[in-house]
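**Q** File input10.csv below, CSV, C-alpha atoms:
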chain,number,residue,atom,x,y,z
B,1,MET,CA,4.4,-11.9,28.9
B,2,ALA,CA,1.1,-10.6,30.3
B,3,HIS,CA,-1.6,-9.8,27.7
B,4,ASP,CA,-2.5,-6.1,27.6
B,5,ALA,CA,-6.3,-6.1,27.2
B,6,ASN,CA,-6.2,-2.4,26.3
B,7,ALA,CA,-3.6,-2.8,23.5
B,8,PRO,CA,-4.9,-2.1,20.0
B,9,ALA,CA,-5.4,-5.0,17.7
B,10,PRO,CA,-2.7,-5.4,15.0
B,11,LEU,CA,-3.6,-3.7,11.7
B,12,TRP,CA,-3.7,-6.1,8.8
B,13,LEU,CA,-2.3,-4.5,5.6
B,14,PHE,CA,-1.4,-6.4,2.5
B,15,MET,CA,1.3,-5.2,0.1
B,16,TYR,CA,0.8,-5.9,-3.6
B,17,HIS,CA,2.6,-4.5,-6.6
B,18,SER,CA,1.7,-5.8,-10.1
B,19,VAL,CA,-1.3,-7.8,-11.2
B,20,ALA,CA,-0.6,-9.5,-14.5
B,21,TYR,CA,0.2,-12.7,-16.4
B,22,THR,CA,4.0,-12.2,-16.4
B,23,SER,CA,6.9,-14.6,-16.5
B,24,PRO,CA,9.7,-14.5,-15.3
B,25,ASP,CA,9.1,-12.5,-12.1
B,26,PRO,CA,12.6,-12.2,-10.4
B,27,TYR,CA,11.5,-9.7,-7.8
B,28,ARG,CA,8.3,-11.5,-6.8
B,29,ILE,CA,6.2,-8.4,-7.5
B,30,THR,CA,3.5,-10.0,-9.6
B,31,VAL,CA,0.3,-11.7,-8.7
B,32,THR,CA,-1.8,-13.2,-11.5
B,33,PRO,CA,-5.4,-12.0,-11.8
B,34,ASP,CA,-6.5,-15.5,-11.0
B,35,ARG,CA,-4.6,-15.5,-7.7
B,36,LEU,CA,-5.8,-12.1,-6.7
B,37,TYR,CA,-9.4,-13.3,-7.4
B,38,GLN,CA,-8.8,-16.3,-5.1
B,39,GLN,CA,-7.3,-14.1,-2.4
B,40,LEU,CA,-10.1,-11.6,-2.4
B,41,ALA,CA,-12.7,-14.4,-2.5
B,42,TRP,CA,-10.9,-16.0,0.5
B,43,LEU,CA,-11.3,-12.7,2.5
B,44,ARG,CA,-14.9,-12.3,1.6
B,45,ARG,CA,-15.8,-15.9,2.5
B,46,ARG,CA,-14.5,-15.1,6.0
B,47,GLY,CA,-16.5,-11.9,6.4
B,48,LEU,CA,-13.4,-9.7,5.7
B,49,ARG,CA,-13.3,-6.8,3.3
B,50,GLY,CA,-10.4,-5.1,1.7
B,51,VAL,CA,-10.3,-1.3,2.0
B,52,SER,CA,-8.0,1.6,1.4
B,53,VAL,CA,-5.5,2.5,4.1
B,54,SER,CA,-7.4,5.7,5.0
B,55,GLU,CA,-10.6,3.8,5.5
B,56,LEU,CA,-8.8,1.2,7.6
B,57,LEU,CA,-7.3,3.9,9.8
B,58,ARG,CA,-10.6,5.7,10.3
B,59,ALA,CA,-12.2,2.4,11.4
B,60,HIS,CA,-9.2,1.5,13.6
B,61,GLU,CA,-9.5,4.8,15.5
B,62,LEU,CA,-13.2,4.0,16.1
B,63,GLY,CA,-12.5,0.4,17.2
B,64,ARG,CA,-14.2,-1.0,14.1
B,65,ALA,CA,-11.3,-2.4,12.0
B,66,GLU,CA,-11.6,-6.0,13.1
B,67,ARG,CA,-13.2,-7.2,9.9
B,68,LEU,CA,-11.2,-5.0,7.6
B,69,VAL,CA,-7.9,-5.5,5.7
B,70,GLY,CA,-5.9,-2.7,4.2
B,71,LEU,CA,-5.0,-3.4,0.5
B,72,THR,CA,-2.1,-1.5,-1.0
B,73,PHE,CA,-0.5,-1.6,-4.5
B,74,ASP,CA,2.9,-0.1,-4.8
B,75,ASP,CA,4.5,1.6,-7.9
B,76,GLY,CA,1.2,2.4,-9.7
B,77,TYR,CA,1.4,-0.2,-12.5
B,78,LYS,CA,-1.0,0.2,-15.5
B,79,ASP,CA,-2.2,-3.4,-14.8
B,80,PHE,CA,-3.7,-2.1,-11.5
B,81,LEU,CA,-6.3,-0.4,-13.7
B,82,ASP,CA,-6.6,-3.3,-16.2
B,83,TYR,CA,-6.9,-6.2,-13.8
B,84,ALA,CA,-7.0,-5.2,-10.1
B,85,VAL,CA,-9.7,-2.5,-10.2
B,86,PRO,CA,-12.4,-4.8,-11.8
B,87,LEU,CA,-11.5,-7.6,-9.3
B,88,LEU,CA,-11.7,-5.3,-6.4
B,89,ARG,CA,-15.0,-3.8,-7.4
B,90,GLY,CA,-16.4,-7.2,-8.1
B,91,HIS,CA,-15.6,-8.2,-4.5
B,92,ASN,CA,-16.9,-4.9,-3.0
B,93,CYS,CA,-13.4,-3.9,-2.0
B,94,THR,CA,-11.3,-0.8,-2.4
B,95,ALA,CA,-7.5,-0.3,-2.1
B,96,THR,CA,-4.8,2.3,-2.1
B,97,VAL,CA,-2.5,2.6,-5.1
B,98,PHE,CA,0.8,4.4,-4.5
B,99,ALA,CA,1.7,6.1,-7.7
B,100,LEU,CA,4.9,7.8,-9.1
B,101,PRO,CA,3.9,11.1,-10.7
B,102,GLY,CA,7.6,11.6,-11.8
B,103,ARG,CA,7.3,8.5,-14.1
B,104,LEU,CA,3.9,9.0,-15.7
B,105,HIS,CA,4.9,7.7,-19.1
B,106,GLY,CA,7.6,5.4,-17.9
B,107,SER,CA,8.1,1.9,-16.5
B,108,ASN,CA,9.8,0.1,-13.6
B,109,ALA,CA,13.3,1.0,-14.8
B,110,TRP,CA,14.6,0.6,-11.3
B,111,ASP,CA,14.2,-3.2,-11.5
B,112,ALA,CA,17.4,-4.0,-13.4
B,113,ASP,CA,16.4,-7.5,-14.3
B,114,GLY,CA,12.9,-6.6,-15.5
B,115,PRO,CA,10.5,-7.5,-17.0
B,116,ARG,CA,9.5,-4.0,-17.9
B,117,LYS,CA,6.0,-3.0,-16.8
B,118,ARG,CA,4.1,0.2,-17.8
B,119,LEU,CA,3.1,2.6,-15.1
B,120,LEU,CA,-0.1,4.6,-14.8
B,121,ASN,CA,-0.2,7.9,-16.7
B,122,ALA,CA,-2.3,10.8,-15.5
B,123,ASP,CA,-5.5,9.5,-17.2
B,124,GLY,CA,-5.0,6.1,-15.5
B,125,ILE,CA,-4.5,7.7,-12.1
B,126,ARG,CA,-7.7,9.7,-12.6
B,127,ALA,CA,-9.5,6.5,-13.7
B,128,ALA,CA,-8.4,4.6,-10.6
B,129,ALA,CA,-9.6,7.4,-8.4
B,130,ALA,CA,-12.9,7.6,-10.2
B,131,ALA,CA,-13.3,3.9,-9.6
B,132,GLY,CA,-13.2,4.5,-5.8
B,133,MET,CA,-9.6,3.8,-5.1
B,134,GLU,CA,-7.4,5.9,-2.9
B,135,ILE,CA,-4.4,7.5,-4.6
B,136,GLY,CA,-1.2,7.9,-2.5
B,137,SER,CA,2.3,9.0,-3.3
B,138,HIS,CA,5.3,6.6,-3.8
B,139,GLY,CA,7.6,9.6,-4.3
B,140,LEU,CA,8.4,11.0,-7.7
B,141,ARG,CA,10.8,8.5,-9.2
B,142,HIS,CA,11.1,5.5,-6.9
B,143,LEU,CA,14.3,6.5,-5.1
B,144,ALA,CA,15.6,5.2,-1.8
B,145,LEU,CA,14.8,8.2,0.4
B,146,THR,CA,17.2,7.5,3.2
B,147,SER,CA,20.1,8.2,0.8
B,148,LEU,CA,18.9,11.6,-0.4
B,149,ASP,CA,20.0,15.0,0.8
B,150,ASP,CA,17.3,17.2,2.4
B,151,ALA,CA,16.4,19.1,-0.7
B,152,ALA,CA,16.0,16.0,-2.8
B,153,LEU,CA,14.0,14.4,0.0
B,154,GLU,CA,11.6,17.3,0.2
B,155,ARG,CA,11.1,17.3,-3.5
B,156,GLU,CA,10.3,13.5,-3.6
B,157,ILE,CA,7.8,13.9,-0.7
B,158,THR,CA,6.2,17.2,-1.3
B,159,HIS,CA,6.3,17.7,-5.1
B,160,SER,CA,4.9,14.2,-5.7
B,161,ARG,CA,1.9,15.0,-3.5
B,162,ASP,CA,1.3,18.3,-5.3
B,163,LEU,CA,1.4,16.6,-8.7
B,164,LEU,CA,-1.0,13.9,-7.6
B,165,ARG,CA,-3.4,16.5,-6.2
B,166,GLU,CA,-3.3,18.4,-9.5
B,167,ILE,CA,-4.0,15.2,-11.4
B,168,THR,CA,-6.9,13.9,-9.3
B,169,GLY,CA,-8.3,17.2,-7.9
B,170,ARG,CA,-8.2,15.5,-4.5
B,171,SER,CA,-6.1,15.7,-1.4
B,172,VAL,CA,-3.4,13.0,-1.0
B,173,ALA,CA,-3.4,11.5,2.5
B,174,GLY,CA,-0.9,8.6,2.2
B,175,PHE,CA,2.8,8.1,1.4
B,176,CYS,CA,4.7,4.8,0.8
B,177,TYR,CA,8.4,4.5,1.1
B,178,PRO,CA,10.1,3.1,-2.0
B,179,TYR,CA,11.9,-0.1,-1.2
B,180,GLY,CA,10.5,0.2,2.3
B,181,ALA,CA,13.5,2.4,3.1
B,182,VAL,CA,12.7,4.6,6.1
B,183,ASP,CA,14.5,6.1,9.0
B,184,THR,CA,13.6,8.7,11.6
B,185,ARG,CA,14.6,11.6,9.4
B,186,VAL,CA,12.5,10.4,6.5
B,187,ALA,CA,9.5,9.6,8.6
B,188,ASP,CA,9.7,13.0,10.2
B,189,ALA,CA,9.9,14.7,6.8
B,190,VAL,CA,6.7,12.8,5.6
B,191,ARG,CA,4.9,13.9,8.8
B,192,ALA,CA,6.1,17.5,8.4
B,193,ALA,CA,4.9,17.6,4.8
B,194,GLY,CA,1.3,17.1,6.0
B,195,TYR,CA,0.6,13.5,5.1
B,196,SER,CA,-1.7,11.7,7.5
B,197,TYR,CA,0.0,8.3,7.3
B,198,ALA,CA,2.8,6.4,5.6
B,199,CYS,CA,3.3,2.7,4.7
B,200,ALA,CA,6.6,0.8,5.1
B,201,VAL,CA,7.4,-2.9,5.1
B,202,LYS,CA,9.0,-4.0,8.4
B,203,PRO,CA,9.8,-0.7,10.2
B,204,GLY,CA,10.6,-2.2,13.6
B,205,SER,CA,10.8,0.4,16.3
B,206,LEU,CA,9.5,3.1,13.9
B,207,THR,CA,6.1,1.3,13.6
B,208,GLY,CA,3.3,3.8,13.9
B,209,ARG,CA,1.2,6.1,11.8
B,210,TYR,CA,4.2,7.2,9.7
B,211,ALA,CA,5.6,3.7,9.3
B,212,LEU,CA,2.8,1.2,9.0
B,213,PRO,CA,4.0,-2.4,8.6
B,214,ARG,CA,2.6,-4.5,5.7
B,215,ILE,CA,2.6,-8.2,4.7
B,216,HIS,CA,3.9,-9.1,1.2
B,217,MET,CA,1.3,-10.9,-0.9
B,218,GLY,CA,2.6,-13.0,-3.8
B,219,GLU,CA,1.6,-15.6,-6.3
B,220,SER,CA,2.4,-18.4,-3.8
B,221,ASP,CA,-0.1,-17.1,-1.3
B,222,GLY,CA,-3.0,-19.6,-1.7
B,223,PRO,CA,-5.7,-20.4,0.9
B,224,LEU,CA,-3.3,-22.5,3.1
B,225,ARG,CA,-0.7,-19.8,3.3
B,226,MET,CA,-3.3,-17.1,3.9
B,227,ARG,CA,-4.8,-19.0,6.8
B,228,LEU,CA,-1.4,-19.4,8.3
B,229,LYS,CA,-0.6,-15.7,7.8
B,230,ARG,CA,-3.9,-14.7,9.5
B,231,ARG,CA,-3.2,-17.0,12.4
B,232,LEU,CA,0.4,-15.8,12.9
B,233,HIS,CA,-0.4,-12.1,12.3
B,234,PRO,CA,-1.2,-11.1,15.9
B,235,LEU,CA,2.1,-12.7,17.0
B,236,ARG,CA,4.3,-11.2,14.4
B,237,ARG,CA,2.8,-7.6,14.4
B,238,ARG,CA,2.3,-5.6,17.5
B,239,GLY,CA,-0.7,-3.3,17.7
B,240,VAL,CA,-0.2,0.2,16.4
B,241,ARG,CA,-1.0,3.1,18.7
B,242,LEU,CA,-1.7,5.9,16.2
B,243,GLU,CA,-0.4,9.3,17.1
B,244,ALA,CA,-2.4,12.2,15.8
B,245,PRO,CA,-1.5,13.6,12.4
B,246,PRO,CA,-0.2,17.1,12.1
B,247,ALA,CA,-2.6,19.9,13.0
B,248,GLY,CA,-4.9,20.7,10.2
B,249,VAL,CA,-4.5,17.3,8.5
B,250,VAL,CA,-7.5,15.0,8.3
B,251,ALA,CA,-7.1,11.4,7.3
B,252,ARG,CA,-9.3,10.7,4.2
Show me this structure written as structure tokens.
**A**
Amino acid sequence: MAHDANAPAPLWLFMYHSVAYTSPDPYRITVTPDRLYQQLAWLRRRGLRGVSVSELLRAHELGRAERLVGLTFDDGYKDFLDYAVPLLRGHNCTATVFALPGRLHGSNAWDADGPRKRLLNADGIRAAAAAGMEIGSHGLRHLALTSLDDAALEREITHSRDLLREITGRSVAGFCYPYGAVDTRVADAVRAAGYSYACAVKPGSLTGRYALPRIHMGESDGPLRMRLKRRLHPLRRRGVRLEAPPAGVVAR
């Protein structure tokens, strides 16, 4: 296949969840603080910097994203504030945390096999934003959006953003699909709601501004695996041509 010299470079986005000393970890959602420190240090030694998704997209649109990596933390666990924020700030990095404003005093009850992990409450979300982190929506209650009717889908997408805006006093640019579950109807609903981007996992043909693919980062991702992931990334992820967000929406 001929190389397209005008094709955009693949965006590099990491997907994290919890940062804690937790065992067992049946869903592979937890990275220890020690491992996260190593991963961030690995990036910085190579002249790379972790940033929020909004910052990555702005740089991408200006052709300046080559040395940036988008860092995302799904579910909005309390340990993001306890462990991830100090490590990110210590490495001069930022990130996007996708919170669940319908579960402010709850836990990851959707993970049947546990272990139970506390989620950020309103004060925690405000503290993460004050520390320079981007706050995005993960819906209200961590539901698979592709199985919802239109009314429930609209509530998960729109009301979650409204609640986060009330909590932080800031606009909410990004959305993340729980379980990575997205189809054309759901992506169109997120765009119509006024978000400027959305994150998925492996969206295939839907890849674009409203279905950005990400790479899972886990406890097993040490320096060797990270070198391999970086080398294979251009082959496994095609470049994203970003369509414009809806009129009146500005990526932040």
**Q** Excluding region 186-191 of chain B and residues on its chain fewer than 4 positions from it, collect all residues at most 8 Å away from it, counting only C-alpha atoms, and give them as a PyMOL selection string.
**A** chain B and resi 145-146+153-154+157+175+182+195-198+210-211+245-246
**Q** For the residues in the current selection, export C-alpha atoms as a tab-separated table (two decimals), keeping the file's coordinate frame.
**A**
chain	number	residue	atom	x	y	z
B	145	LEU	CA	14.80	8.20	0.40
B	146	THR	CA	17.20	7.50	3.20
B	153	LEU	CA	14.00	14.40	0.00
B	154	GLU	CA	11.60	17.30	0.20
B	157	ILE	CA	7.80	13.90	-0.70
B	175	PHE	CA	2.80	8.10	1.40
B	182	VAL	CA	12.70	4.60	6.10
B	195	TYR	CA	0.60	13.50	5.10
B	196	SER	CA	-1.70	11.70	7.50
B	197	TYR	CA	0.00	8.30	7.30
B	198	ALA	CA	2.80	6.40	5.60
B	210	TYR	CA	4.20	7.20	9.70
B	211	ALA	CA	5.60	3.70	9.30
B	245	PRO	CA	-1.50	13.60	12.40
B	246	PRO	CA	-0.20	17.10	12.10
**Q** Taking only C-alpha atoms into account, name the residue in B:Thr72, B:Met133, B:Tyr37, B:Arg141 that is nearest to Val201 (chain B).
**A**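 Using only C-alpha atoms, the shortest distance to Val201 (chain B) belongs to B:Thr72.
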**Q** Tell me, in Å to one decimal, how far CA of Asp82 (chain B) is from CA of Arg49 (chain B).
**A**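 Computing the Euclidean distance for CA of Asp82 (chain B) and CA of Arg49 (chain B) yields 20.9 Å.
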**Q** What's the 10 Å shell around Cys93 (chain B), counting all atoms listed in the file, without same-chain residues fewer than 3 positions away, as a PyMOL selection string?
**A** chain B and resi 40+44+48-52+68-71+85-90+132-133
**Q** Which residue out of B:Asp74, B:Asp150, B:Asp34, B:Glu219 has the minimum interatomic distance to Gly180 (chain B) when all atoms listed in the file are used?
**A**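 Of B:Asp74, B:Asp150, B:Asp34, B:Glu219, the one nearest Gly180 (chain B), counting all atoms listed in the file, is B:Asp74.
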**Q** Here is a test: counting all atoms listed in the file, which residue of B:Arg67, B:Lys202, B:Arg118, B:Arg227 is nearest to Val19 (chain B)?
**A**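 When distances to Val19 (chain B) are compared using all atoms listed in the file, the smallest one comes from B:Arg118.
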**Q** At a cut-off of 12 Å, using all atoms listed in the file, what residues contact His105 (chain B)? Leave out same-chain residues fewer than 2 positions from it and give the result as a list in words.
**A**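 In the requested format, the answer is Gly76, Tyr77, Lys78, Ala99, Leu100, Pro101, Gly102, Arg103, Ser107, Asn108, Ala109, Lys117, Arg118, Leu119, Leu120, Asn121, Ala122, Asp123, Gly124, Ile125 and Arg141 of chain B.
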**Q** Output C-alpha atoms for every residue in that selection, as a PDB file, keeping the file's coordinate frame.
**A**
ATOM      1  CA  GLY B  76       1.200   2.400  -9.700  1.00  0.00           C
ATOM      2  CA  TYR B  77       1.400  -0.200 -12.500  1.00  0.00           C
ATOM      3  CA  LYS B  78      -1.000   0.200 -15.500  1.00  0.00           C
ATOM      4  CA  ALA B  99       1.700   6.100  -7.700  1.00  0.00           C
ATOM      5  CA  LEU B 100       4.900   7.800  -9.100  1.00  0.00           C
ATOM      6  CA  PRO B 101       3.900  11.100 -10.700  1.00  0.00           C
ATOM      7  CA  GLY B 102       7.600  11.600 -11.800  1.00  0.00           C
ATOM      8  CA  ARG B 103       7.300   8.500 -14.100  1.00  0.00           C
ATOM      9  CA  SER B 107       8.100   1.900 -16.500  1.00  0.00           C
ATOM     10  CA  ASN B 108       9.800   0.100 -13.600  1.00  0.00           C
ATOM     11  CA  ALA B 109      13.300   1.000 -14.800  1.00  0.00           C
ATOM     12  CA  LYS B 117       6.000  -3.000 -16.800  1.00  0.00           C
ATOM     13  CA  ARG B 118       4.100   0.200 -17.800  1.00  0.00           C
ATOM     14  CA  LEU B 119       3.100   2.600 -15.100  1.00  0.00           C
ATOM     15  CA  LEU B 120      -0.100   4.600 -14.800  1.00  0.00           C
ATOM     16  CA  ASN B 121      -0.200   7.900 -16.700  1.00  0.00           C
ATOM     17  CA  ALA B 122      -2.300  10.800 -15.500  1.00  0.00           C
ATOM     18  CA  ASP B 123      -5.500   9.500 -17.200  1.00  0.00           C
ATOM     19  CA  GLY B 124      -5.000   6.100 -15.500  1.00  0.00           C
ATOM     20  CA  ILE B 125      -4.500   7.700 -12.100  1.00  0.00           C
ATOM     21  CA  ARG B 141      10.800   8.500  -9.200  1.00  0.00           C
TER      22      ARG B 141
END
**Q** Which distance in Å separates CA of Gly218 (chain B) and CA of Arg58 (chain B), to one decimal?
**A**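 Pair CA of Gly218 (chain B) / CA of Arg58 (chain B) returns 26.9 Å.
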**Q** So how far away is CA of Asp25 (chain B) from CA of Ser160 (chain B), in Å?
**A**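 Computed distance, CA of Ser160 (chain B) to CA of Asp25 (chain B), equals 27.8 Å.
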**Q** Compile the contact shell of Gly136 (chain B) as a PDB file with C-alpha atoms, in the frame of the given file: residues with an atom at most 7 Å away, counting only C-alpha atoms, same-chain residues fewer than 6 positions apart removed.
**A**
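Writing the result to selection18.pdb gives the following:
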ATOM      1  CA  THR B  96      -4.800   2.300  -2.100  1.00  0.00           C
ATOM      2  CA  VAL B  97      -2.500   2.600  -5.100  1.00  0.00           C
ATOM      3  CA  PHE B  98       0.800   4.400  -4.500  1.00  0.00           C
ATOM      4  CA  ALA B  99       1.700   6.100  -7.700  1.00  0.00           C
ATOM      5  CA  VAL B 172      -3.400  13.000  -1.000  1.00  0.00           C
ATOM      6  CA  ALA B 173      -3.400  11.500   2.500  1.00  0.00           C
ATOM      7  CA  GLY B 174      -0.900   8.600   2.200  1.00  0.00           C
ATOM      8  CA  PHE B 175       2.800   8.100   1.400  1.00  0.00           C
TER       9      PHE B 175
END
**Q** Taking into account all atoms listed in the file, which residue in the set B:Phe80, B:Tyr16, B:Tyr177, B:Trp42 is nearest to Thr30 (chain B)?
**A**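 The closest residue to Thr30 (chain B) is B:Tyr16.
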**Q** Could you write out as lines of an AutoDock Vina configuration file the box around region 127-138 of chain B (axis-aligned, all atoms listed in the file, 5 Å on each side), with centre and edge lengths in Å to one decimal?
**A**
center_x = -4.0
center_y = 6.4
center_z = -8.1
size_x = 28.6
size_y = 15.2
size_z = 21.2
**Q** I need the residue nearest Arg230 (chain B) from this list: B:Pro24, B:His138, B:Thr158, B:Leu43. Use all atoms listed in the file for the distance.
**A**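 Smallest separation from Arg230 (chain B) among the options: B:Leu43.
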**Q** Looking at all atoms listed in the file, which of B:His216, B:His142, B:Arg126, B:Arg116 is the one that sits closest to Pro178 (chain B)?
**A** B:His142
